[in-house]
$ cat target14.txt   # compact mmCIF, C-alpha atoms and all ligand atoms
# COMPACT_ATOMS: atom_id res chain seq x y z
CA GLY A 7 -55.61 6.33 -90.45
CA GLN A 8 -57.25 2.96 -89.85
CA LYS A 9 -60.87 1.81 -89.98
CA ASN A 10 -62.74 1.76 -86.70
CA ASP A 11 -65.16 -1.18 -86.55
CA GLY A 12 -67.82 0.44 -88.68
CA LYS A 13 -68.12 3.62 -86.57
CA GLY A 14 -66.18 5.70 -89.07
CA TYR A 15 -62.74 7.04 -89.72
CA LYS A 16 -60.30 7.41 -86.88
CA GLY A 17 -58.17 10.43 -87.63
CA PRO A 18 -54.61 11.14 -86.52
CA ASN A 19 -55.88 13.09 -83.46
CA GLU A 20 -58.24 10.47 -82.05
CA TRP A 21 -56.20 10.20 -78.85
CA LEU A 22 -56.46 13.96 -78.23
CA ALA A 23 -60.20 13.79 -78.98
CA GLN A 24 -60.59 11.12 -76.31
CA GLN A 25 -58.69 13.21 -73.76
CA PHE A 26 -61.11 16.08 -74.35
CA GLU A 27 -64.06 13.72 -74.07
CA ARG A 28 -62.73 12.48 -70.77
CA LEU A 29 -62.48 16.08 -69.50
CA HIS A 30 -65.99 16.76 -70.71
CA GLU A 31 -67.35 13.75 -68.84
CA MET A 32 -65.56 14.80 -65.65
CA TYR A 33 -66.99 18.29 -65.80
CA ALA A 34 -70.54 17.37 -66.77
CA GLY A 35 -72.80 17.73 -63.77
CA GLN A 36 -70.09 19.36 -61.65
CA VAL A 37 -71.35 22.41 -59.79
CA GLY A 38 -69.58 25.73 -60.15
CA LYS A 39 -68.25 25.02 -63.64
CA SER A 40 -69.48 27.16 -66.52
CA ALA A 41 -71.67 25.36 -69.03
CA PHE A 42 -69.69 27.18 -71.71
CA ALA A 43 -66.38 25.69 -70.62
CA ILE A 44 -67.94 22.24 -70.38
CA ARG A 45 -69.34 22.41 -73.91
CA GLY A 46 -65.96 23.74 -75.05
CA TYR A 47 -64.33 20.37 -74.26
CA GLN A 48 -66.99 18.54 -76.23
CA ARG A 49 -66.47 20.87 -79.20
CA ALA A 50 -62.70 20.46 -78.95
CA ALA A 51 -63.12 16.68 -79.21
CA SER A 52 -65.01 16.97 -82.47
CA ILE A 53 -62.53 19.50 -83.86
CA MET A 54 -59.71 17.05 -83.07
CA ARG A 55 -61.55 14.40 -85.10
CA ARG A 56 -62.08 16.72 -88.05
CA ILE A 57 -58.47 17.84 -88.43
CA GLU A 58 -56.72 15.58 -90.92
CA TYR A 59 -53.09 16.28 -90.03
CA PRO A 60 -51.51 15.28 -86.70
CA ILE A 61 -51.47 17.97 -84.03
CA THR A 62 -48.20 17.95 -82.12
CA THR A 63 -48.27 21.18 -80.06
CA GLY A 64 -50.81 23.51 -78.48
CA ALA A 65 -49.38 26.44 -80.41
CA GLN A 66 -50.05 24.63 -83.66
CA ALA A 67 -53.65 23.88 -82.61
CA ARG A 68 -54.15 27.53 -81.59
CA ALA A 69 -54.33 28.40 -85.31
CA ILE A 70 -57.46 26.24 -85.72
CA PRO A 71 -60.72 28.19 -85.45
CA GLY A 72 -62.46 27.22 -82.18
CA ILE A 73 -59.24 26.39 -80.31
CA GLY A 74 -58.45 29.19 -77.87
CA SER A 75 -55.51 29.57 -75.52
CA GLY A 76 -57.17 27.50 -72.77
CA LEU A 77 -57.79 24.51 -75.02
CA ALA A 78 -54.28 24.88 -76.50
CA GLU A 79 -52.86 24.69 -72.97
CA ARG A 80 -54.85 21.50 -72.31
CA ILE A 81 -53.38 20.01 -75.51
CA ASP A 82 -49.84 20.75 -74.29
CA GLU A 83 -50.74 19.14 -70.95
CA PHE A 84 -52.15 16.06 -72.66
CA LEU A 85 -49.13 15.69 -74.93
CA SER A 86 -46.52 16.23 -72.20
CA GLY A 87 -48.38 14.19 -69.59
CA ALA A 88 -47.88 17.12 -67.21
CA PRO A 89 -50.15 17.19 -64.17
CA GLY A 90 -52.07 20.20 -65.52
CA ARG A 91 -55.67 21.05 -64.93
CA GLY A 92 -56.95 18.18 -67.02
CA PHE A 93 -54.97 15.55 -65.17
CA TYR A 94 -54.85 16.85 -61.69
CA GLU A 95 -57.53 19.25 -60.48
CA ASP A 96 -60.46 17.74 -62.30
CA THR A 97 -60.17 14.28 -60.98
CA GLU A 98 -63.04 11.87 -60.75
CA GLN A 99 -62.97 12.48 -57.00
CA ALA A 100 -63.48 16.23 -57.46
CA ARG A 101 -66.40 15.58 -59.77
CA CYS A 102 -68.01 13.10 -57.33
CA VAL A 103 -67.50 15.34 -54.30
CA GLY A 104 -69.07 18.25 -56.23
CA LEU A 105 -72.01 16.05 -57.11
CA PHE A 106 -72.54 14.53 -53.65
CA LYS A 107 -72.27 17.91 -51.87
CA ASP A 108 -75.49 18.90 -53.62
CA ILE A 109 -77.39 16.27 -51.62
CA TYR A 110 -79.20 17.88 -48.68
CA GLY A 111 -77.30 17.13 -45.46
CA VAL A 112 -74.08 16.05 -47.20
CA GLY A 113 -71.02 18.25 -46.72
CA ARG A 114 -67.54 18.00 -48.19
CA GLN A 115 -66.35 15.53 -45.57
CA VAL A 116 -69.21 13.05 -46.03
CA ALA A 117 -68.95 13.45 -49.82
CA ASN A 118 -65.28 12.47 -49.70
CA GLU A 119 -66.07 9.51 -47.46
CA LEU A 120 -68.76 8.29 -49.89
CA TYR A 121 -66.23 8.50 -52.72
CA ARG A 122 -63.71 6.57 -50.65
CA LEU A 123 -66.35 3.88 -50.09
CA GLY A 124 -66.70 3.49 -53.84
CA ALA A 125 -69.68 5.65 -54.80
CA ARG A 126 -69.31 7.37 -58.18
CA SER A 127 -72.84 8.53 -58.94
CA ILE A 128 -76.21 9.35 -57.39
CA THR A 129 -77.45 6.01 -58.75
CA ASP A 130 -74.59 4.20 -56.95
CA LEU A 131 -75.71 5.82 -53.70
CA ARG A 132 -79.35 4.93 -54.34
CA THR A 133 -78.72 1.30 -55.20
CA GLY A 134 -75.84 0.53 -52.84
CA HIS A 135 -75.49 0.43 -49.07
CA TYR A 136 -73.81 3.55 -47.74
CA PRO A 137 -73.85 4.93 -44.18
CA LEU A 138 -76.32 7.82 -44.48
CA THR A 139 -78.33 9.49 -41.73
CA PRO A 140 -82.14 9.52 -42.10
CA GLY A 141 -81.94 13.17 -43.20
CA GLN A 142 -79.30 12.41 -45.83
CA GLN A 143 -81.45 9.52 -47.10
CA VAL A 144 -84.35 11.93 -47.60
CA GLY A 145 -81.96 14.30 -49.36
CA LEU A 146 -80.78 11.48 -51.63
CA SER A 147 -84.24 10.20 -52.51
CA LEU A 148 -85.47 13.74 -53.34
CA TYR A 149 -82.13 14.86 -54.85
CA GLU A 150 -83.47 16.19 -58.17
CA ASP A 151 -86.38 18.11 -56.60
CA LEU A 152 -84.47 19.64 -53.68
CA LYS A 153 -81.66 20.84 -55.94
CA ALA A 154 -84.13 22.88 -58.01
CA ARG A 155 -84.88 26.53 -57.20
CA ILE A 156 -88.42 27.35 -56.06
CA PRO A 157 -90.23 29.95 -58.21
CA ARG A 158 -91.53 32.93 -56.20
CA GLU A 159 -95.15 32.06 -56.98
CA GLU A 160 -94.75 28.55 -55.58
CA CYS A 161 -93.08 29.91 -52.40
CA LYS A 162 -96.17 32.08 -51.96
CA GLN A 163 -98.50 29.11 -52.46
CA LEU A 164 -96.64 27.05 -49.84
CA PHE A 165 -96.69 30.01 -47.46
CA GLU A 166 -100.45 30.44 -47.93
CA LEU A 167 -101.13 26.75 -47.27
CA ILE A 168 -99.03 26.90 -44.09
CA LYS A 169 -100.62 30.16 -42.96
CA ALA A 170 -104.15 28.81 -43.55
CA ALA A 171 -103.37 25.73 -41.46
CA ALA A 172 -101.95 27.93 -38.68
CA MET A 173 -105.12 30.06 -38.74
CA GLU A 174 -107.21 26.89 -38.36
CA LEU A 175 -105.28 26.08 -35.21
CA ASP A 176 -105.26 29.58 -33.77
CA PRO A 177 -106.39 32.79 -35.53
CA GLY A 178 -104.22 34.76 -33.10
CA LEU A 179 -100.96 33.53 -34.63
CA TRP A 180 -98.66 35.77 -36.64
CA VAL A 181 -97.24 33.97 -39.65
CA GLU A 182 -94.70 35.49 -42.03
CA ILE A 183 -92.58 34.31 -44.94
CA MET A 184 -88.91 35.20 -44.58
CA GLY A 185 -85.53 34.50 -46.18
CA SER A 186 -84.84 35.21 -49.83
CA TYR A 187 -88.59 35.55 -50.52
CA ARG A 188 -88.86 38.53 -48.20
CA ARG A 189 -85.80 40.00 -49.87
CA GLY A 190 -87.77 39.95 -53.10
CA GLN A 191 -85.82 37.26 -54.92
CA GLU A 192 -87.45 35.71 -58.00
CA ASP A 193 -86.69 32.21 -56.74
CA SER A 194 -85.57 30.62 -53.47
CA GLY A 195 -83.68 27.62 -52.20
CA ASP A 196 -86.30 26.93 -49.54
CA VAL A 197 -89.33 28.48 -47.85
CA ASP A 198 -88.65 30.09 -44.45
CA ILE A 199 -91.62 30.65 -42.14
CA LEU A 200 -91.63 32.65 -38.89
CA ILE A 201 -94.45 32.22 -36.36
CA THR A 202 -95.34 33.95 -33.11
CA LYS A 203 -98.39 34.89 -31.05
CA GLU A 204 -99.17 38.29 -29.66
CA GLY A 205 -99.14 38.63 -25.91
CA GLN A 206 -98.13 35.08 -25.08
CA ASN A 207 -95.94 32.24 -26.15
CA GLN A 208 -96.94 30.05 -29.04
CA LYS A 209 -95.75 27.02 -27.05
CA GLY A 210 -96.79 23.71 -28.57
CA VAL A 211 -98.19 25.21 -31.75
CA LEU A 212 -95.29 23.97 -33.90
CA GLY A 213 -96.04 20.30 -33.21
CA ASP A 214 -99.75 20.78 -33.90
CA LEU A 215 -99.03 22.70 -37.09
CA VAL A 216 -96.60 20.12 -38.51
CA LYS A 217 -99.11 17.35 -37.69
CA LEU A 218 -101.96 19.21 -39.39
CA LEU A 219 -99.87 20.02 -42.48
CA ARG A 220 -98.84 16.37 -42.69
CA GLU A 221 -102.50 15.29 -42.65
CA LYS A 222 -103.18 17.76 -45.45
CA GLY A 223 -100.27 16.38 -47.48
CA VAL A 224 -98.45 19.74 -47.47
CA ILE A 225 -95.64 18.41 -45.28
CA THR A 226 -94.15 15.10 -46.41
CA HIS A 227 -90.78 14.60 -44.67
CA ASP A 228 -88.95 15.69 -41.49
CA LEU A 229 -85.31 16.67 -41.66
CA GLY A 230 -84.80 18.10 -38.20
CA ALA A 231 -87.24 18.26 -35.32
CA PRO A 232 -86.70 20.54 -32.31
CA SER A 233 -85.33 18.82 -29.20
CA ASP A 234 -88.28 20.29 -27.29
CA TRP A 235 -91.46 20.93 -29.30
CA ASN A 236 -92.84 22.99 -26.41
CA ALA A 237 -89.85 25.29 -25.98
CA PRO A 238 -90.63 29.02 -26.39
CA GLU A 239 -88.26 28.97 -29.33
CA ALA A 240 -88.47 25.96 -31.64
CA LYS A 241 -87.40 25.21 -35.20
CA TRP A 242 -88.63 22.52 -37.57
CA MET A 243 -86.91 21.62 -40.84
CA GLY A 244 -88.36 19.39 -43.49
CA VAL A 245 -89.93 18.93 -46.88
CA GLY A 246 -93.33 19.56 -48.41
CA LYS A 247 -95.19 20.28 -51.66
CA VAL A 248 -98.08 22.43 -52.84
CA SER A 249 -99.91 19.59 -54.60
CA PRO A 250 -99.36 15.87 -55.24
CA SER A 251 -98.00 16.57 -58.73
CA SER A 252 -95.57 19.34 -57.77
CA LYS A 253 -91.94 19.11 -56.69
CA TYR A 254 -90.79 18.39 -53.15
CA ARG A 255 -89.50 21.62 -51.53
CA ARG A 256 -87.41 22.43 -48.46
CA ILE A 257 -89.32 24.21 -45.68
CA ASP A 258 -88.04 25.77 -42.42
CA ILE A 259 -90.48 26.86 -39.70
CA LEU A 260 -89.25 28.91 -36.74
CA CYS A 261 -91.47 29.67 -33.73
CA ILE A 262 -90.39 32.44 -31.38
CA PRO A 263 -91.68 34.42 -28.38
CA TYR A 264 -93.56 37.59 -29.32
CA GLU A 265 -91.00 39.95 -27.74
CA GLN A 266 -88.31 38.66 -30.08
CA TRP A 267 -90.27 39.36 -33.27
CA GLY A 268 -88.09 42.23 -34.53
CA ALA A 269 -84.77 40.53 -33.88
CA ALA A 270 -86.03 37.29 -35.41
CA LEU A 271 -87.31 39.19 -38.47
CA ILE A 272 -83.87 40.68 -39.05
CA TYR A 273 -82.14 37.34 -38.53
CA PHE A 274 -84.47 35.23 -40.69
CA THR A 275 -84.66 37.84 -43.49
CA GLY A 276 -80.91 37.91 -43.98
CA ASN A 277 -79.11 37.61 -46.11
CA GLU A 278 -76.44 35.90 -44.11
CA VAL A 279 -73.75 38.39 -45.14
CA PHE A 280 -75.98 41.36 -44.26
CA ASN A 281 -76.60 39.76 -40.84
CA ARG A 282 -72.90 39.34 -40.25
CA SER A 283 -72.09 42.94 -41.12
CA LEU A 284 -74.97 44.26 -38.96
CA ARG A 285 -73.75 42.20 -36.01
CA LEU A 286 -70.22 43.46 -36.49
CA TYR A 287 -71.51 47.04 -36.65
CA ALA A 288 -73.49 46.55 -33.42
CA ARG A 289 -70.39 45.16 -31.77
CA LYS A 290 -68.31 48.17 -32.75
CA LEU A 291 -70.88 50.35 -30.94
CA GLY A 292 -70.59 48.19 -27.83
CA TYR A 293 -73.78 46.19 -28.41
CA SER A 294 -74.40 42.59 -29.25
CA LEU A 295 -77.04 41.55 -31.79
CA ASN A 296 -78.40 38.03 -32.21
CA GLN A 297 -81.67 36.43 -33.33
CA ARG A 298 -83.22 37.15 -29.92
CA GLY A 299 -82.40 40.82 -29.54
CA LEU A 300 -79.96 43.69 -29.23
CA TYR A 301 -78.04 43.63 -25.94
CA LYS A 302 -75.87 46.14 -24.05
CA GLY A 303 -73.09 45.44 -21.57
CA VAL A 304 -72.22 42.04 -22.94
CA LEU A 305 -68.85 41.03 -21.59
CA ARG A 306 -66.56 39.01 -23.78
CA GLY A 307 -63.49 36.99 -22.95
CA ARG A 308 -60.23 37.27 -24.88
CA ASP A 309 -61.60 34.75 -27.38
CA GLY A 310 -64.52 37.09 -28.17
CA LEU A 311 -67.01 34.68 -26.62
CA LYS A 312 -69.67 36.09 -24.32
CA THR A 313 -69.15 35.76 -20.59
CA THR A 314 -72.40 37.56 -19.64
CA GLU A 315 -75.71 37.95 -21.47
CA GLY A 316 -75.92 41.71 -20.93
CA GLU A 317 -79.09 43.77 -20.81
CA LEU A 318 -81.76 43.53 -23.50
CA ILE A 319 -82.11 46.92 -25.21
CA ALA A 320 -84.37 46.26 -28.21
CA SER A 321 -86.05 43.28 -29.87
CA ASN A 322 -89.77 43.98 -30.50
CA THR A 323 -89.57 45.50 -33.96
CA GLU A 324 -86.94 45.90 -36.64
CA GLN A 325 -87.32 49.67 -36.32
CA ASP A 326 -86.48 49.55 -32.59
CA ILE A 327 -83.22 47.77 -33.35
CA PHE A 328 -82.21 49.97 -36.30
CA ASP A 329 -83.02 53.08 -34.16
CA VAL A 330 -80.69 52.09 -31.33
CA LEU A 331 -77.94 51.40 -33.85
CA GLY A 332 -78.55 54.85 -35.39
CA LEU A 333 -79.34 53.33 -38.78
CA ARG A 334 -82.27 54.00 -41.11
CA TRP A 335 -84.56 50.99 -41.42
CA ARG A 336 -83.45 49.16 -44.53
CA HIS A 337 -86.03 47.63 -46.87
CA PRO A 338 -85.56 43.84 -47.10
CA HIS A 339 -85.02 44.12 -50.86
CA HIS A 340 -81.88 46.12 -50.13
CA ARG A 341 -80.45 43.90 -47.41
CA ARG A 342 -77.22 43.00 -49.05
CA PRO A 343 -73.87 43.91 -47.61
N1 LIG V 1 -79.09 32.81 -41.62
C1 LIG V 1 -77.97 33.35 -41.03
N2 LIG V 1 -76.86 32.57 -40.85
C2 LIG V 1 -76.84 31.30 -41.26
C3 LIG V 1 -77.97 30.73 -41.88
C4 LIG V 1 -79.09 31.52 -42.05
O1 LIG V 1 -77.97 34.52 -40.65
N3 LIG V 1 -75.74 30.55 -41.10
C5 LIG V 1 -80.25 33.65 -41.82
C6 LIG V 1 -80.05 34.55 -43.01
C7 LIG V 1 -80.81 33.87 -44.10
C8 LIG V 1 -81.96 33.26 -43.33
O2 LIG V 1 -81.41 32.86 -42.09
O3 LIG V 1 -81.25 34.78 -45.07
C9 LIG V 1 -82.61 32.11 -44.04
O4 LIG V 1 -81.65 31.11 -44.31
P1 LIG V 1 -81.65 30.34 -45.69
O5 LIG V 1 -80.54 29.35 -45.62
O6 LIG V 1 -83.00 29.81 -45.98
O7 LIG V 1 -81.19 31.43 -46.77
P2 LIG V 1 -82.02 32.39 -47.73
O8 LIG V 1 -83.49 32.25 -47.50
O9 LIG V 1 -81.44 33.75 -47.56
O10 LIG V 1 -81.64 31.89 -49.19
P3 LIG V 1 -82.25 30.61 -49.97
O11 LIG V 1 -83.04 31.14 -51.11
O12 LIG V 1 -81.05 29.85 -50.44
O13 LIG V 1 -83.07 29.82 -49.01
MG MG V 2 -84.37 30.41 -47.48
MN MN V 3 -83.99 28.24 -44.74
$ encode --input "target14.txt" --output "structure tokens"
Amino acid sequence: GQKNDGKGYKGPNEWLAQQFERLHEMYAGQVGKSAFAIRGYQRAASIMRRIEYPITTGAQARAIPGIGSGLAERIDEFLSGAPGRGFYEDTEQARCVGLFKDIYGVGRQVANELYRLGARSITDLRTGHYPLTPGQQVGLSLYEDLKARIPREECKQLFELIKAAAMELDPGLWVEIMGSYRRGQEDSGDVDILITKEGQNQKGVLGDLVKLLREKGVITHDLGAPSDWNAPEAKWMGVGKVSPSSKYRRIDILCIPYEQWGAALIYFTGNEVFNRSLRLYARKLGYSLNQRGLYKGVLRGRDGLKTTEGELIASNTEQDIFDVLGLRWRHPHHRRP
């Protein structure tokens, strides 16, 4: 081998080592890839540098401790120049799209567009000029925080701050924490809050609540305001934190009419797959279930879309709805498909 400007000895497999390093860089930070596989490429690079004889086939490398069949296949792909996994699937574009999709408000399509416009990293997006909506800009600026899971205890603290503010406005409000927290999960992606008021509509309370929480520093950013703050059903989406030194967290607040409490509880508790299977089950019995209630006599066109609303059968409590469907009430912790 030859000397390498002071950095050490370049062995006969330096080129292979660099191919593995390139794969490792592509994978690092990509969602949905196992950390084990990613580290495997890094390890393979150092093994390539340690081996003192030239490696010419994957089969030959397979005999080296630490080189499994997957890595041996990559070696054959590198050597043949075949468009295998290392050359084809794990392109820089795939890595960037995987990275950008983790930004709140950015889907696959926008992620691809950002790549096409030249962005290759979160820093590129932060320092360059890219066409992002106000919500996506919030997502980008809080990227690291919003990507993190929220520990159960912190969900509870946020819920209690929100509930206390709601009680200040109106002690007659019902405030509940929903989503993955209600299903008992140890951590959550966001905090989901459901609000109603017994006997009457909670019209207008959402706007007052968001304003109050903003003054208290609990709410810091808006991501989606309702088109009509005074509608009987209104949803706010945004960001907040339990204290100035804690992480920014996603928060959803849904306000609904009192009569819809049970149906909204089912909907907002989820999970999404459980909801879908419950709706399908209701449909098989001739009903229609949505976040407002359980309906009978809903007429559907050939496309399956509703042509009439039907008659409301149950919506006040979860039990009412499960009863009509002939199902035992299912504890939220067991609401998986
Ligand atoms: N929901 C649904 N269909 C959707 C989105 C949501 O039925 N397309 C319902 C079921 C979810 C609930 O709303 O459980 C809350 O939505 P989230 O996206 O907040 O999901 P989770 O709270 O279940 O999980 P996470 O911890 O990721 O927030
Ligand atoms: Mg949630
Ligand atoms: Mn949510």
$ closest_atom_pairs --input "target14.txt" --of "chain A" --to "ligand MN 3 (chain V)" --cutoff "7 Å" --atoms "all atoms listed in the file" --output "CSV"
residue,atom,partner,partner_atom,distance
A:Gly185,CA,V:MN3,MN,6.6
A:Asp196,CA,V:MN3,MN,5.5
A:Val197,CA,V:MN3,MN,6.2
A:Asp198,CA,V:MN3,MN,5.0
A:Ile257,CA,V:MN3,MN,6.7
A:Asp258,CA,V:MN3,MN,5.3
$ residues_near_ligand --input "target14.txt" --ligand "ligand LIG 1 (chain V)" --cutoff "9 Å" --atoms "all atoms listed in the file" --output "VMD selection string"
chain A and resid 155 to 156 184 to 189 191 193 to 198 256 to 258 272 to 282 297
$ residues_around --input "target14.txt" --residues "Thr226 (chain A)" --least-positions-apart "2" --cutoff "8 Å" --atoms "only C-alpha atoms" --output "PDB file with C-alpha atoms, keeping the file's coordinate frame"
ATOM      1  CA  ARG A 220     -98.840  16.370 -42.690  1.00  0.00           C
ATOM      2  CA  GLY A 223    -100.270  16.380 -47.480  1.00  0.00           C
ATOM      3  CA  VAL A 224     -98.450  19.740 -47.470  1.00  0.00           C
ATOM      4  CA  ASP A 228     -88.950  15.690 -41.490  1.00  0.00           C
ATOM      5  CA  GLY A 244     -88.360  19.390 -43.490  1.00  0.00           C
ATOM      6  CA  VAL A 245     -89.930  18.930 -46.880  1.00  0.00           C
ATOM      7  CA  GLY A 246     -93.330  19.560 -48.410  1.00  0.00           C
ATOM      8  CA  LYS A 247     -95.190  20.280 -51.660  1.00  0.00           C
TER       9      LYS A 247
END
$ atom_distance --input "target14.txt" --atom1 "CA of Arg255 (chain A)" --atom2 "CA of Ala154 (chain A)"
8.5 Å
$ residues_around --input "target14.txt" --residues "Asp176 (chain A)" --least-positions-apart "2" --cutoff "12 Å" --atoms "only C-alpha atoms" --output "short mmCIF file (atom, residue, chain, number, x, y, z; two decimals) with C-alpha atoms, keeping the file's coordinate frame"
data_model
loop_
_atom_site.label_atom_id
_atom_site.label_comp_id
_atom_site.auth_asym_id
_atom_site.auth_seq_id
_atom_site.Cartn_x
_atom_site.Cartn_y
_atom_site.Cartn_z
CA LYS A 169 -100.62 30.16 -42.96
CA ALA A 170 -104.15 28.81 -43.55
CA ALA A 171 -103.37 25.73 -41.46
CA ALA A 172 -101.95 27.93 -38.68
CA MET A 173 -105.12 30.06 -38.74
CA GLU A 174 -107.21 26.89 -38.36
CA GLY A 178 -104.22 34.76 -33.10
CA LEU A 179 -100.96 33.53 -34.63
CA TRP A 180 -98.66 35.77 -36.64
CA VAL A 181 -97.24 33.97 -39.65
CA ILE A 201 -94.45 32.22 -36.36
CA THR A 202 -95.34 33.95 -33.11
CA LYS A 203 -98.39 34.89 -31.05
CA GLU A 204 -99.17 38.29 -29.66
CA GLN A 208 -96.94 30.05 -29.04
CA LYS A 209 -95.75 27.02 -27.05
CA GLY A 210 -96.79 23.71 -28.57
CA VAL A 211 -98.19 25.21 -31.75
CA LEU A 212 -95.29 23.97 -33.90
CA ASP A 214 -99.75 20.78 -33.90
CA LEU A 215 -99.03 22.70 -37.09
#
$ closest_residue --input "target14.txt" --among "A:Met32, A:Ile225, A:Lys16, A:Ala231" --to "Thr97 (chain A)" --atoms "only C-alpha atoms"
A:Met32
$ closest_residue --input "target14.txt" --among "A:His30, A:Lys222, A:Arg158, A:Arg289" --to "ligand MG 2 (chain V)" --atoms "only C-alpha atoms and all ligand atoms"
A:Arg158
$ residues_around --input "target14.txt" --residues "Gly64 (chain A)" --least-positions-apart "3" --cutoff "10 Å" --atoms "all atoms listed in the file" --output "PyMOL selection string"
chain A and resi 61+67-69+73-85
$ residues_around --input "target14.txt" --residues "region 140-150 of chain A" --least-positions-apart "5" --cutoff "12 Å" --atoms "all atoms listed in the file" --output "PDB file with C-alpha atoms, keeping the file's coordinate frame"
ATOM      1  CA  LEU A 105     -72.010  16.050 -57.110  1.00  0.00           C
ATOM      2  CA  PHE A 106     -72.540  14.530 -53.650  1.00  0.00           C
ATOM      3  CA  LYS A 107     -72.270  17.910 -51.870  1.00  0.00           C
ATOM      4  CA  ASP A 108     -75.490  18.900 -53.620  1.00  0.00           C
ATOM      5  CA  ILE A 109     -77.390  16.270 -51.620  1.00  0.00           C
ATOM      6  CA  TYR A 110     -79.200  17.880 -48.680  1.00  0.00           C
ATOM      7  CA  GLY A 111     -77.300  17.130 -45.460  1.00  0.00           C
ATOM      8  CA  VAL A 112     -74.080  16.050 -47.200  1.00  0.00           C
ATOM      9  CA  GLY A 113     -71.020  18.250 -46.720  1.00  0.00           C
ATOM     10  CA  VAL A 116     -69.210  13.050 -46.030  1.00  0.00           C
ATOM     11  CA  ALA A 117     -68.950  13.450 -49.820  1.00  0.00           C
ATOM     12  CA  SER A 127     -72.840   8.530 -58.940  1.00  0.00           C
ATOM     13  CA  ILE A 128     -76.210   9.350 -57.390  1.00  0.00           C
ATOM     14  CA  THR A 129     -77.450   6.010 -58.750  1.00  0.00           C
ATOM     15  CA  ASP A 130     -74.590   4.200 -56.950  1.00  0.00           C
ATOM     16  CA  LEU A 131     -75.710   5.820 -53.700  1.00  0.00           C
ATOM     17  CA  ARG A 132     -79.350   4.930 -54.340  1.00  0.00           C
ATOM     18  CA  THR A 133     -78.720   1.300 -55.200  1.00  0.00           C
ATOM     19  CA  HIS A 135     -75.490   0.430 -49.070  1.00  0.00           C
ATOM     20  CA  ARG A 155     -84.880  26.530 -57.200  1.00  0.00           C
ATOM     21  CA  THR A 226     -94.150  15.100 -46.410  1.00  0.00           C
ATOM     22  CA  HIS A 227     -90.780  14.600 -44.670  1.00  0.00           C
ATOM     23  CA  ASP A 228     -88.950  15.690 -41.490  1.00  0.00           C
ATOM     24  CA  LEU A 229     -85.310  16.670 -41.660  1.00  0.00           C
ATOM     25  CA  GLY A 230     -84.800  18.100 -38.200  1.00  0.00           C
ATOM     26  CA  ALA A 231     -87.240  18.260 -35.320  1.00  0.00           C
ATOM     27  CA  MET A 243     -86.910  21.620 -40.840  1.00  0.00           C
ATOM     28  CA  GLY A 244     -88.360  19.390 -43.490  1.00  0.00           C
ATOM     29  CA  VAL A 245     -89.930  18.930 -46.880  1.00  0.00           C
ATOM     30  CA  GLY A 246     -93.330  19.560 -48.410  1.00  0.00           C
ATOM     31  CA  LYS A 247     -95.190  20.280 -51.660  1.00  0.00           C
ATOM     32  CA  LYS A 253     -91.940  19.110 -56.690  1.00  0.00           C
ATOM     33  CA  TYR A 254     -90.790  18.390 -53.150  1.00  0.00           C
ATOM     34  CA  ARG A 255     -89.500  21.620 -51.530  1.00  0.00           C
ATOM     35  CA  ARG A 256     -87.410  22.430 -48.460  1.00  0.00           C
TER      36      ARG A 256
END
$ closest_residue --input "target14.txt" --among "A:Ile183, A:Leu120, A:Ile262, A:Val304" --to "ligand MG 2 (chain V)" --atoms "only C-alpha atoms and all ligand atoms"
A:Ile183
$ residues_around --input "target14.txt" --residues "Val103 (chain A)" --least-positions-apart "6" --cutoff "8 Å" --atoms "all atoms listed in the file" --output "list in words"
Arg114, Ala117, Asn118 and Tyr121 of chain A
$ write_last_selection --input "target14.txt" --atoms "C-alpha atoms" --output "JSON list (two decimals), in the frame of the given file"
[["chain", "number", "residue", "atom", "x", "y", "z"],
["A", 114, "ARG", "CA", -67.54, 18.00, -48.19],
["A", 117, "ALA", "CA", -68.95, 13.45, -49.82],
["A", 118, "ASN", "CA", -65.28, 12.47, -49.70],
["A", 121, "TYR", "CA", -66.23, 8.50, -52.72]]
$ closest_residue --input "target14.txt" --among "A:Leu200, A:Tyr287, A:Tyr264, A:Ser86" --to "ligand MG 2 (chain V)" --atoms "all atoms listed in the file"
A:Leu200
$ atom_distance --input "target14.txt" --atom1 "CA of Gln48 (chain A)" --atom2 "CA of Ile70 (chain A)"
15.5 Å
$ closest_residue --input "target14.txt" --among "A:Asp151, A:Leu260, A:Thr314, A:Glu221" --to "ligand MG 2 (chain V)" --atoms "all atoms listed in the file"
A:Leu260
$ atom_distance --input "target14.txt" --atom1 "CA of Trp235 (chain A)" --atom2 "CA of Ser321 (chain A)"
23.0 Å
$ closest_residue --input "target14.txt" --among "A:Ile259, A:Ile57, A:Gly87, A:Val216" --to "ligand MG 2 (chain V)" --atoms "only C-alpha atoms and all ligand atoms"
A:Ile259
